[in-house]
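Structure first, then comments.
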Amino acid sequence: MAIPPPDSPDSRLEQLVEHVVQLASGRLEARLAPSPAADEIDAVIVGINMLAEELEALNDDLEARVVERTHQLEEAQRQLERLAMYDPLTNLANRNLLADRIAQAMARAERDEDPASVLVLDLDGFKAVNDSFGHAVGDLLLVEVASRLGGVARKSDTVARLGGDEFALVILDATADQVLDVADRIMVTLSAPVPAGDRTCWVSASIGVRFAAPGDTAEVLLRDADTAMYVAKARGRGDVQVYEPTMHKAALRRVRLADELRVALTSGQLRVHYQPIVELATGRTTAVEALVRWQHPVRGLLRADDVIPVAEETGLIVAVDHWVLDAVGAQIAAWRTTASDATRLRAHVNISPITFRSPGFADDVIAGLVRRGVRTDEVLLEVTATQMMGEDTQTMAAMDALKAAGVGVAIDDFGAGCSSLGYVRRRLVDVIKIDRSLVTGLDADPSRRRVAAALLAVVDAFGLTAVAEGVQTAAEAAQLEALGCRYGQGFLWGEAVPADMLAMLPFVRMPTQATTLR
């Protein structure tokens with residue numbers, strides 16, 4: 001069979017068919033050169049070449065998009081994995097990664113390596129920063145704290161943010177003394193002022209330490225370190241506590257007590273007792289401090305020190321404070337029916353800073369007094385100086401509103417370590433209560449007399465009223481009066497008693513038939 005010449009139509013058709021087969025097989029770069037004839041077959045060849053070029057360009061674009069999408073999916077996967085293991089704000093490990101690191105450490109410990117130690121720390125005063133300066137500043141503070149913790153930890157250790165202002169460290173291959181040294185260095189590094197944007201903040205930390213033992217799980221270690229941290233916080237903040245089994249039992253008791261307190265609020269188990277506040281010069285009772293008591297069905301009468309910490313830890317403190325305010329308002333209204341203006345007693349009510357910062361607090365107080373028919377100047381609210389933790393905007397706003405309405409405010413435990421002078425300077429308080437630590441032994445200790453005299457001079461300079469707490473002897477009362485203090489409160493004149501027992505105290509001048517309201 002004769003072979004047609006290369007430029008014959010039959011030869012070009014066979015080449016065209018082969019070219020199409022190549023393109024169909026994926027060789028989009030293949031091209032067929034047209035012949036010099038420039039006829040209809042060459043026109044088809046040119047068209048197919050153009051189509052091949054377009055297909056090749058589309059294929060290249062598609063492959064580039066596939067590469068890009070694959071990269072995006074891989075990056076998204078990495079981001080998801082990071083979000084699952086790291087805190088997005090501080091870039092520290094999160095609780096999931098921390099638990100994994102603890103599990104790895106415990107596995108290594110089973111191979112005769114030293115077991116890990118877990119530290120949990122919570123910032124003291126962080127809420128005041130958020131309330132005063134906003135969450136943006138709070139976030140900057142957390143980032144700086146994370147950086148400082150990273151500077152204290154070794155490369156083999158893990159620093160994590162558990163959430164909020166709570167952090168944790170897993171320390172490997174370290175003795176107990178070395179672990180406690182890390183805790184001390186954390187306290188030192190956090191004691192320095194913390195820059196947060198254009199603000200400077202001061203915080204401290206309460207730290208709980210748990211030394212691991214064989215068989216411990218991450219959940220148990222974190223739980224116990226957290227328990228020890230709360231013990232540190234309860235003992236005055238800025239403290240380090242090593243976990244002991246008795247702490248867990250105490251924590252369980254607090255949980256049970258919290259459940260029982262919820263019942264007590266609605267079942268009539270709470271009481272209010274009143275302690276006299278006496279004018280030192282005359283011995284006349286001019287006011288009373290209302291103190292909450294809990295008539296527990298099993299444990300008997302519990303004092304405020306047993307009730308308030310549990311209420312604050314569980315968020316029940318706002319409800320407890322409002323219950324006490326309402327009960328005191330009812331009692332004042334009852335006294336009014338039998339007492340003249342000359343014998344009317346002003347009632348001091350302790351309020352937690354948590355309650356002070358709660359939304360609408362001042363409005364609720366004023367509305368409650370109006371509802372009971374009580375004058376605003378018949379109630380004074382006491383806030384502990386050592387718990388104020390900064391001049392946050394919500395507390396300041398509440399104090400402004402209360403002062404405008406005529407409700408008095410007192411700073412309790414003044415001189416016990418946090419002066420709260422900001423509130424004094426702004427004239428937001430009426431009464432300063434001198435802490436009992438400065439009163440006990442005042443008659444025998446010259447240094448205490450000098451401190452008390454200085455505090456009383458500050459109080460007098462601002463035109464405020466001073467009440468000395470914890471007065472137990474006549475000599476202490478005499479020394480306070482000599483220093484210019486007008487009022488005192490303490491066991492010298494009696495402890496807190498139910499309202500119907502106040503009249504039985506010889507120095508309390510009030511109607512004996514006053515009705516008691518719990």
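Ligands are numbered from 1 in the order shown, residues from 1 within each chain, and chains are lettered A, B, ... in the order they appear in the structure tokens.
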Inset, instruction - Can you pull out every residue within 8 Å of region 88-103 of chain A, counting only C-alpha atoms, but drop anything in the same chain fewer than 6 positions away, and send it as a list in words? - result: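 My reading of the contact set: Ala116, Asp139, Leu142, Val143, Ala146, Thr158, Val159, Ala160, Arg161, Leu162, Val170, Thr217, Ala218 and Glu219 of chain A.
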Would you put the residues from that selection into a file with N, CA and C atoms, as a PDB file, in the first residue's frame?
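Output contents, as saved in result34.pdb:
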ATOM      1  N   ALA A 116       5.945  14.753  88.312  1.00  0.00           N
ATOM      2  CA  ALA A 116       5.754  16.183  88.057  1.00  0.00           C
ATOM      3  C   ALA A 116       5.131  16.877  89.266  1.00  0.00           C
ATOM      4  N   ASP A 139      -6.948  42.281  79.110  1.00  0.00           N
ATOM      5  CA  ASP A 139      -6.300  41.326  78.201  1.00  0.00           C
ATOM      6  C   ASP A 139      -4.810  41.593  78.089  1.00  0.00           C
ATOM      7  N   LEU A 142      -3.130  40.211  81.091  1.00  0.00           N
ATOM      8  CA  LEU A 142      -2.982  38.752  81.033  1.00  0.00           C
ATOM      9  C   LEU A 142      -1.821  38.345  80.131  1.00  0.00           C
ATOM     10  N   VAL A 143      -1.664  39.045  79.014  1.00  0.00           N
ATOM     11  CA  VAL A 143      -0.562  38.744  78.101  1.00  0.00           C
ATOM     12  C   VAL A 143       0.788  39.002  78.783  1.00  0.00           C
ATOM     13  N   ALA A 146       1.431  36.299  81.335  1.00  0.00           N
ATOM     14  CA  ALA A 146       1.851  35.077  80.648  1.00  0.00           C
ATOM     15  C   ALA A 146       3.329  35.142  80.282  1.00  0.00           C
ATOM     16  N   THR A 158       5.815  23.383  81.440  1.00  0.00           N
ATOM     17  CA  THR A 158       4.679  23.843  80.635  1.00  0.00           C
ATOM     18  C   THR A 158       3.915  24.907  81.408  1.00  0.00           C
ATOM     19  N   VAL A 159       3.720  26.046  80.766  1.00  0.00           N
ATOM     20  CA  VAL A 159       2.898  27.117  81.338  1.00  0.00           C
ATOM     21  C   VAL A 159       1.583  27.147  80.574  1.00  0.00           C
ATOM     22  N   ALA A 160       0.465  27.206  81.283  1.00  0.00           N
ATOM     23  CA  ALA A 160      -0.851  27.151  80.640  1.00  0.00           C
ATOM     24  C   ALA A 160      -1.766  28.213  81.234  1.00  0.00           C
ATOM     25  N   ARG A 161      -2.711  28.626  80.432  1.00  0.00           N
ATOM     26  CA  ARG A 161      -3.805  29.471  80.927  1.00  0.00           C
ATOM     27  C   ARG A 161      -5.050  28.609  80.968  1.00  0.00           C
ATOM     28  N   LEU A 162      -5.622  28.487  82.161  1.00  0.00           N
ATOM     29  CA  LEU A 162      -6.788  27.633  82.344  1.00  0.00           C
ATOM     30  C   LEU A 162      -8.086  28.353  81.986  1.00  0.00           C
ATOM     31  N   VAL A 170       3.299  23.096  84.912  1.00  0.00           N
ATOM     32  CA  VAL A 170       3.724  21.724  85.163  1.00  0.00           C
ATOM     33  C   VAL A 170       5.245  21.744  85.206  1.00  0.00           C
ATOM     34  N   THR A 217      -3.887  11.301  88.362  1.00  0.00           N
ATOM     35  CA  THR A 217      -4.297  11.721  87.023  1.00  0.00           C
ATOM     36  C   THR A 217      -4.208  13.228  86.914  1.00  0.00           C
ATOM     37  N   ALA A 218      -4.232  13.724  85.672  1.00  0.00           N
ATOM     38  CA  ALA A 218      -4.202  15.168  85.458  1.00  0.00           C
ATOM     39  C   ALA A 218      -5.382  15.836  86.143  1.00  0.00           C
ATOM     40  N   GLU A 219      -6.547  15.224  86.075  1.00  0.00           N
ATOM     41  CA  GLU A 219      -7.745  15.802  86.684  1.00  0.00           C
ATOM     42  C   GLU A 219      -7.575  15.974  88.189  1.00  0.00           C
TER      43      GLU A 219
END
Can you pull out every residue from region 207-243 of chain A that DSSP, working from the backbone, puts in strand (DSSP E or B), and format the result as a PDB file with all heavy atoms, in the first residue's frame?
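And here's part.pdb as it stands now:
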ATOM      1  N   ILE A 207      -1.261  31.043  95.021  1.00  0.00           N
ATOM      2  CA  ILE A 207      -0.732  29.865  94.342  1.00  0.00           C
ATOM      3  C   ILE A 207      -0.992  28.611  95.165  1.00  0.00           C
ATOM      4  O   ILE A 207      -0.755  28.588  96.376  1.00  0.00           O
ATOM      5  CB  ILE A 207       0.787  30.010  94.086  1.00  0.00           C
ATOM      6  CG1 ILE A 207       1.059  31.257  93.249  1.00  0.00           C
ATOM      7  CG2 ILE A 207       1.350  28.774  93.395  1.00  0.00           C
ATOM      8  CD1 ILE A 207       2.544  31.515  92.998  1.00  0.00           C
ATOM      9  N   GLY A 208      -1.476  27.584  94.485  1.00  0.00           N
ATOM     10  CA  GLY A 208      -1.627  26.264  95.081  1.00  0.00           C
ATOM     11  C   GLY A 208      -0.664  25.292  94.422  1.00  0.00           C
ATOM     12  O   GLY A 208      -0.489  25.305  93.207  1.00  0.00           O
ATOM     13  N   VAL A 209      -0.026  24.442  95.223  1.00  0.00           N
ATOM     14  CA  VAL A 209       0.981  23.499  94.730  1.00  0.00           C
ATOM     15  C   VAL A 209       0.537  22.079  95.051  1.00  0.00           C
ATOM     16  O   VAL A 209       0.106  21.792  96.177  1.00  0.00           O
ATOM     17  CB  VAL A 209       2.358  23.760  95.376  1.00  0.00           C
ATOM     18  CG1 VAL A 209       3.402  22.776  94.845  1.00  0.00           C
ATOM     19  CG2 VAL A 209       2.794  25.196  95.135  1.00  0.00           C
ATOM     20  N   ARG A 210       0.665  21.208  94.056  1.00  0.00           N
ATOM     21  CA  ARG A 210       0.360  19.784  94.275  1.00  0.00           C
ATOM     22  C   ARG A 210       1.533  18.957  93.769  1.00  0.00           C
ATOM     23  O   ARG A 210       1.870  19.008  92.589  1.00  0.00           O
ATOM     24  CB  ARG A 210      -0.916  19.404  93.531  1.00  0.00           C
ATOM     25  CG  ARG A 210      -1.252  17.912  93.533  1.00  0.00           C
ATOM     26  CD  ARG A 210      -1.516  17.356  94.921  1.00  0.00           C
ATOM     27  NE  ARG A 210      -2.445  16.238  94.893  1.00  0.00           N
ATOM     28  CZ  ARG A 210      -2.087  14.958  94.697  1.00  0.00           C
ATOM     29  NH1 ARG A 210      -0.821  14.652  94.501  1.00  0.00           N
ATOM     30  NH2 ARG A 210      -3.009  14.011  94.691  1.00  0.00           N
ATOM     31  N   PHE A 211       2.182  18.217  94.680  1.00  0.00           N
ATOM     32  CA  PHE A 211       3.247  17.304  94.290  1.00  0.00           C
ATOM     33  C   PHE A 211       2.610  15.988  93.876  1.00  0.00           C
ATOM     34  O   PHE A 211       1.839  15.390  94.630  1.00  0.00           O
ATOM     35  CB  PHE A 211       4.218  17.083  95.449  1.00  0.00           C
ATOM     36  CG  PHE A 211       4.904  18.348  95.907  1.00  0.00           C
ATOM     37  CD1 PHE A 211       4.684  18.857  97.179  1.00  0.00           C
ATOM     38  CD2 PHE A 211       5.748  19.037  95.062  1.00  0.00           C
ATOM     39  CE1 PHE A 211       5.301  20.013  97.598  1.00  0.00           C
ATOM     40  CE2 PHE A 211       6.375  20.202  95.470  1.00  0.00           C
ATOM     41  CZ  PHE A 211       6.153  20.702  96.743  1.00  0.00           C
ATOM     42  N   VAL A 240       1.224  31.224  99.125  1.00  0.00           N
ATOM     43  CA  VAL A 240       1.475  29.924  98.487  1.00  0.00           C
ATOM     44  C   VAL A 240       1.087  28.831  99.464  1.00  0.00           C
ATOM     45  O   VAL A 240       1.512  28.862 100.630  1.00  0.00           O
ATOM     46  CB  VAL A 240       2.960  29.767  98.090  1.00  0.00           C
ATOM     47  CG1 VAL A 240       3.198  28.389  97.454  1.00  0.00           C
ATOM     48  CG2 VAL A 240       3.391  30.873  97.149  1.00  0.00           C
ATOM     49  N   GLN A 241       0.286  27.889  99.008  1.00  0.00           N
ATOM     50  CA  GLN A 241      -0.129  26.779  99.853  1.00  0.00           C
ATOM     51  C   GLN A 241       0.114  25.460  99.141  1.00  0.00           C
ATOM     52  O   GLN A 241      -0.213  25.313  97.957  1.00  0.00           O
ATOM     53  CB  GLN A 241      -1.615  26.891 100.219  1.00  0.00           C
ATOM     54  CG  GLN A 241      -1.937  28.008 101.194  1.00  0.00           C
ATOM     55  CD  GLN A 241      -1.373  27.743 102.577  1.00  0.00           C
ATOM     56  OE1 GLN A 241      -1.420  26.607 103.068  1.00  0.00           O
ATOM     57  NE2 GLN A 241      -0.849  28.781 103.207  1.00  0.00           N
ATOM     58  N   VAL A 242       0.693  24.502  99.856  1.00  0.00           N
ATOM     59  CA  VAL A 242       0.897  23.153  99.330  1.00  0.00           C
ATOM     60  C   VAL A 242      -0.305  22.307  99.711  1.00  0.00           C
ATOM     61  O   VAL A 242      -0.760  22.326 100.867  1.00  0.00           O
ATOM     62  CB  VAL A 242       2.196  22.537  99.888  1.00  0.00           C
ATOM     63  CG1 VAL A 242       2.360  21.095  99.388  1.00  0.00           C
ATOM     64  CG2 VAL A 242       3.397  23.375  99.486  1.00  0.00           C
TER      65      VAL A 242
END
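Taking only C-alpha atoms, the non-local environment of Glu312 (chain A) within 10 Å (same-chain residues fewer than 2 positions away omitted) comprises A:Ala258, A:Val307, A:Ile308, A:Pro309, A:Val310, A:Thr314, A:Gly315, A:Leu316, A:Ile317, A:Val318, A:Val320, A:Ser352, A:Pro353, A:Ile354, A:Thr355.
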Inset, instruction - To one decimal in Å, tell me the separation between CA of Glu53 (chain A) and CA of Ile41 (chain A). - result: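 The value is 18.5 Å.
Note that CA of Val145 (chain A) and CA of Leu190 (chain A) are 7.3 Å apart.
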Inset, instruction - Work out how far apart CA of Asp412 (chain A) and CA of Gln275 (chain A) are and give it in Å to one decimal. - result: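 So the answer is 14.8 Å.
With distances restricted to only C-alpha atoms, A:Asn350 is the closest residue to Leu325 (chain A) from A:Glu313, A:Gly197, A:Glu495, A:Asn350.
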Inset, instruction - Show which residues sit within 7 Å of Ala287 (chain A), as a ChimeraX atom specification. Count only C-alpha atoms, and ignore same-chain residues fewer than 2 positions away. - result: /A:276-277,285,289,345-347
Legend entry - A:Ser147, A:Gln72, A:Gln22, A:Asn49 ranked by distance to Pro34 (chain A), top pick (using only C-alpha atoms):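 Closest residue, counting only C-alpha atoms: A:Asn49.
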Inset, instruction - Quick one: everything within 7 Å of Gln489 (chain A), counting only C-alpha atoms, minus sequence neighbours fewer than 5 positions away in the same chain. Send it as a PyMOL selection string. - result: chain A and resi 276-278+468-471
Inset, instruction - Could you find all residues in region 251-470 of chain A that DSSP calls helix (DSSP H, G or I) from the backbone, and write them as a PyMOL selection string? - result: chain A and resi 251-267+304-314+317-336+341-343+353-356+361-372+376-378+385-387+393-405+421-425+436-438+446-461
Inset, instruction - For Ala477 (chain A), list every protein, DNA or RNA residue within 10 Å, evaluated using only C-alpha atoms, and leave out those in the same chain fewer than 5 positions away; present the list as a list in words. - result: Leu280, Ala281, Val439, Leu442, Asp443, Ala468, Val471, Gln472, Ala482, Leu483, Cys485, Arg486, Tyr487, Gly488, Gln489, Gly490 and Leu492 of chain A
Inset, instruction - Would you kindly return, as a PyMOL selection string, each protein, DNA or RNA residue with an atom no farther than 9 Å from any atom of Gly238 (chain A), considering only C-alpha atoms and excluding same-chain residues fewer than 2 positions away? - result: chain A and resi 123-124+187+204-207+232-233+235-236+240
